[in-house]
Amino acid sequence: MSAASVEAAAQIFVKIFVTDLDRSAMFYSASLGFVAGPRFAAREFDELVMRPGEGVRGGSLVLCRWKDGRAMELGNAHGPLGLRVEDVDAAHDKVLAAGGSSQIAPLDLQGNRLAIVADPDGHPLELIAFQRPAKHV
């Protein structure tokens with residue numbers, strides 16, 4: 001199959017499981033400007049769509065909660081969710097104030113500013129501000 005015959009896909013959302021939908025919605029809204037959208041109730045889980053704030057391009061973050069109360073295991077087979085922000089230091093402080101934690105304090109790396117934080121459920125988030133034009137955004 002040639003590359004020309006493959007339909008290009010576009011990322012539209014990332015889904016993560018959390019222990020408390022309302023707490024997580026408040027965290028992502030207060031610290032990173034996401035806006036709560038529609039809620040859906042499936043048989044086994046509830047979910048809440050968090051959309052990027054006004055004027056921000058990007059996919060949604062879908063928060064899910066298992067209805068049966070099963071324990072969450074984050075595992076180690078994934079990296080952080082990458083989020084572009086204007087001011088890494090300010091976003092880092094807002095994450096901490098909203099109940100998140102710092103995994104790597106803000107630093108400069110190859111001409112960009114970044115930090116790695118975690119939400120209240122421990123999901124890692126990489127905050128990055130590109131100081132020079134990004135090749136892949």
# chains A, B, ... in the order shown; residues from 1 in each chain; ligands from 1
>>> select_by_dssp(residues="stretch 16-93 of chain A", states="strand (DSSP E)", output="list in words")
Ile16, Phe17, Val35, Ala36, Gly37, Pro38, Arg39, Phe40, Ala41, Phe45, Asp46, Glu47, Leu48, Val49, Met50, Arg51, Ser60, Leu61, Val62, Leu63, Cys64, Arg65, Trp66, Leu81, Gly82, Leu83 and Arg84 of chain A
>>> residues_around(residues="stretch 13-16 of chain A", least_positions_apart="2", cutoff="8 Å", atoms="only C-alpha atoms", output="list of chain:residue names")
A:Gln11, A:Val18, A:Gly59, A:Ser60, A:Leu61, A:Val62, A:Leu63, A:Cys64
>>> write_last_selection(atoms="C-alpha atoms", output="short mmCIF file (atom, residue, chain, number, x, y, z; two decimals), in the first residue's frame")
data_model
loop_
_atom_site.label_atom_id
_atom_site.label_comp_id
_atom_site.auth_asym_id
_atom_site.auth_seq_id
_atom_site.Cartn_x
_atom_site.Cartn_y
_atom_site.Cartn_z
CA GLN A 11 -6.09 13.60 16.50
CA VAL A 18 -9.88 9.75 36.66
CA GLY A 59 -8.12 18.42 20.51
CA SER A 60 -10.35 17.77 23.48
CA LEU A 61 -9.43 16.05 26.71
CA VAL A 62 -12.05 13.46 27.65
CA LEU A 63 -12.24 12.64 31.35
CA CYS A 64 -13.71 9.22 32.19
#
>>> atom_distance(atom1="atom CA of A:Arg51", atom2="atom CA of A:Phe34")
5.4 Å
>>> residues_around(residues="stretch 123-127 of chain A", least_positions_apart="5", cutoff="9 Å", atoms="only C-alpha atoms", output="number ranges by chain")
A: 16, 18, 74, 79-85, 87-88, 91-92, 103, 106, 113-118
>>> atom_distance(atom1="atom CA of A:Tyr28", atom2="atom CA of A:Asp108")
24.0 Å
>>> residues_around(residues="A:Asp22", least_positions_apart="4", cutoff="9 Å", atoms="only C-alpha atoms", output="PyMOL selection string")
chain A and resi 26-27+48
>>> closest_residue(among="A:Val49, A:Arg23, A:Ala30, A:Ser5", to="A:Ala98", atoms="only C-alpha atoms")
A:Ala30
>>> closest_residue(among="A:Leu96, A:Val56, A:Asp68, A:Ala129", to="A:Glu44", atoms="only C-alpha atoms")
A:Asp68
>>> closest_residue(among="A:Met72, A:Ala97, A:Ile12, A:Ile104", to="A:Asp121", atoms="only C-alpha atoms")
A:Met72
>>> decode(residues="stretch 101-121 of chain A", atoms="N, CA and C atoms", output="PDB file, in the first residue's frame")
ATOM      1  N   SER A 101       0.830  18.335  41.022  1.00  0.00           N
ATOM      2  CA  SER A 101       2.172  18.260  41.597  1.00  0.00           C
ATOM      3  C   SER A 101       3.212  18.471  40.509  1.00  0.00           C
ATOM      4  N   SER A 102       4.406  18.849  40.951  1.00  0.00           N
ATOM      5  CA  SER A 102       5.512  19.082  40.027  1.00  0.00           C
ATOM      6  C   SER A 102       6.392  17.843  39.955  1.00  0.00           C
ATOM      7  N   GLN A 103       6.682  17.393  38.737  1.00  0.00           N
ATOM      8  CA  GLN A 103       7.608  16.276  38.553  1.00  0.00           C
ATOM      9  C   GLN A 103       8.970  16.776  38.091  1.00  0.00           C
ATOM     10  N   ILE A 104       8.962  17.763  37.209  1.00  0.00           N
ATOM     11  CA  ILE A 104      10.191  18.443  36.777  1.00  0.00           C
ATOM     12  C   ILE A 104       9.870  19.929  36.739  1.00  0.00           C
ATOM     13  N   ALA A 105      10.582  20.712  37.543  1.00  0.00           N
ATOM     14  CA  ALA A 105      10.361  22.151  37.614  1.00  0.00           C
ATOM     15  C   ALA A 105      10.671  22.801  36.252  1.00  0.00           C
ATOM     16  N   PRO A 106      10.123  23.984  35.996  1.00  0.00           N
ATOM     17  CA  PRO A 106      10.390  24.650  34.719  1.00  0.00           C
ATOM     18  C   PRO A 106      11.877  24.766  34.428  1.00  0.00           C
ATOM     19  N   LEU A 107      12.210  24.474  33.182  1.00  0.00           N
ATOM     20  CA  LEU A 107      13.600  24.560  32.735  1.00  0.00           C
ATOM     21  C   LEU A 107      13.641  24.902  31.256  1.00  0.00           C
ATOM     22  N   ASP A 108      14.813  25.345  30.825  1.00  0.00           N
ATOM     23  CA  ASP A 108      15.036  25.634  29.412  1.00  0.00           C
ATOM     24  C   ASP A 108      15.716  24.429  28.778  1.00  0.00           C
ATOM     25  N   LEU A 109      15.226  24.030  27.599  1.00  0.00           N
ATOM     26  CA  LEU A 109      15.781  22.882  26.903  1.00  0.00           C
ATOM     27  C   LEU A 109      15.765  23.157  25.407  1.00  0.00           C
ATOM     28  N   GLN A 110      16.922  23.210  24.830  1.00  0.00           N
ATOM     29  CA  GLN A 110      17.073  23.412  23.384  1.00  0.00           C
ATOM     30  C   GLN A 110      16.267  24.600  22.891  1.00  0.00           C
ATOM     31  N   GLY A 111      16.339  25.695  23.617  1.00  0.00           N
ATOM     32  CA  GLY A 111      15.684  26.928  23.191  1.00  0.00           C
ATOM     33  C   GLY A 111      14.208  27.010  23.523  1.00  0.00           C
ATOM     34  N   ASN A 112      13.667  26.033  24.244  1.00  0.00           N
ATOM     35  CA  ASN A 112      12.259  26.051  24.636  1.00  0.00           C
ATOM     36  C   ASN A 112      12.165  25.992  26.158  1.00  0.00           C
ATOM     37  N   ARG A 113      11.002  26.330  26.702  1.00  0.00           N
ATOM     38  CA  ARG A 113      10.765  26.273  28.149  1.00  0.00           C
ATOM     39  C   ARG A 113       9.776  25.157  28.405  1.00  0.00           C
ATOM     40  N   LEU A 114      10.057  24.290  29.390  1.00  0.00           N
ATOM     41  CA  LEU A 114       9.131  23.200  29.677  1.00  0.00           C
ATOM     42  C   LEU A 114       9.147  22.833  31.152  1.00  0.00           C
ATOM     43  N   ALA A 115       8.092  22.137  31.555  1.00  0.00           N
ATOM     44  CA  ALA A 115       7.970  21.576  32.897  1.00  0.00           C
ATOM     45  C   ALA A 115       7.107  20.329  32.779  1.00  0.00           C
ATOM     46  N   ILE A 116       7.283  19.410  33.698  1.00  0.00           N
ATOM     47  CA  ILE A 116       6.405  18.242  33.746  1.00  0.00           C
ATOM     48  C   ILE A 116       5.727  18.248  35.113  1.00  0.00           C
ATOM     49  N   VAL A 117       4.403  18.177  35.062  1.00  0.00           N
ATOM     50  CA  VAL A 117       3.567  18.203  36.253  1.00  0.00           C
ATOM     51  C   VAL A 117       2.655  16.976  36.211  1.00  0.00           C
ATOM     52  N   ALA A 118       1.862  16.810  37.254  1.00  0.00           N
ATOM     53  CA  ALA A 118       0.883  15.730  37.266  1.00  0.00           C
ATOM     54  C   ALA A 118      -0.440  16.272  37.787  1.00  0.00           C
ATOM     55  N   ASP A 119      -1.539  15.744  37.250  1.00  0.00           N
ATOM     56  CA  ASP A 119      -2.861  16.139  37.732  1.00  0.00           C
ATOM     57  C   ASP A 119      -3.125  15.411  39.059  1.00  0.00           C
ATOM     58  N   PRO A 120      -4.251  15.688  39.725  1.00  0.00           N
ATOM     59  CA  PRO A 120      -4.507  15.065  41.026  1.00  0.00           C
ATOM     60  C   PRO A 120      -4.555  13.529  41.006  1.00  0.00           C
ATOM     61  N   ASP A 121      -4.789  12.914  39.838  1.00  0.00           N
ATOM     62  CA  ASP A 121      -4.780  11.459  39.739  1.00  0.00           C
ATOM     63  C   ASP A 121      -3.419  10.905  39.331  1.00  0.00           C
TER      64      ASP A 121
END
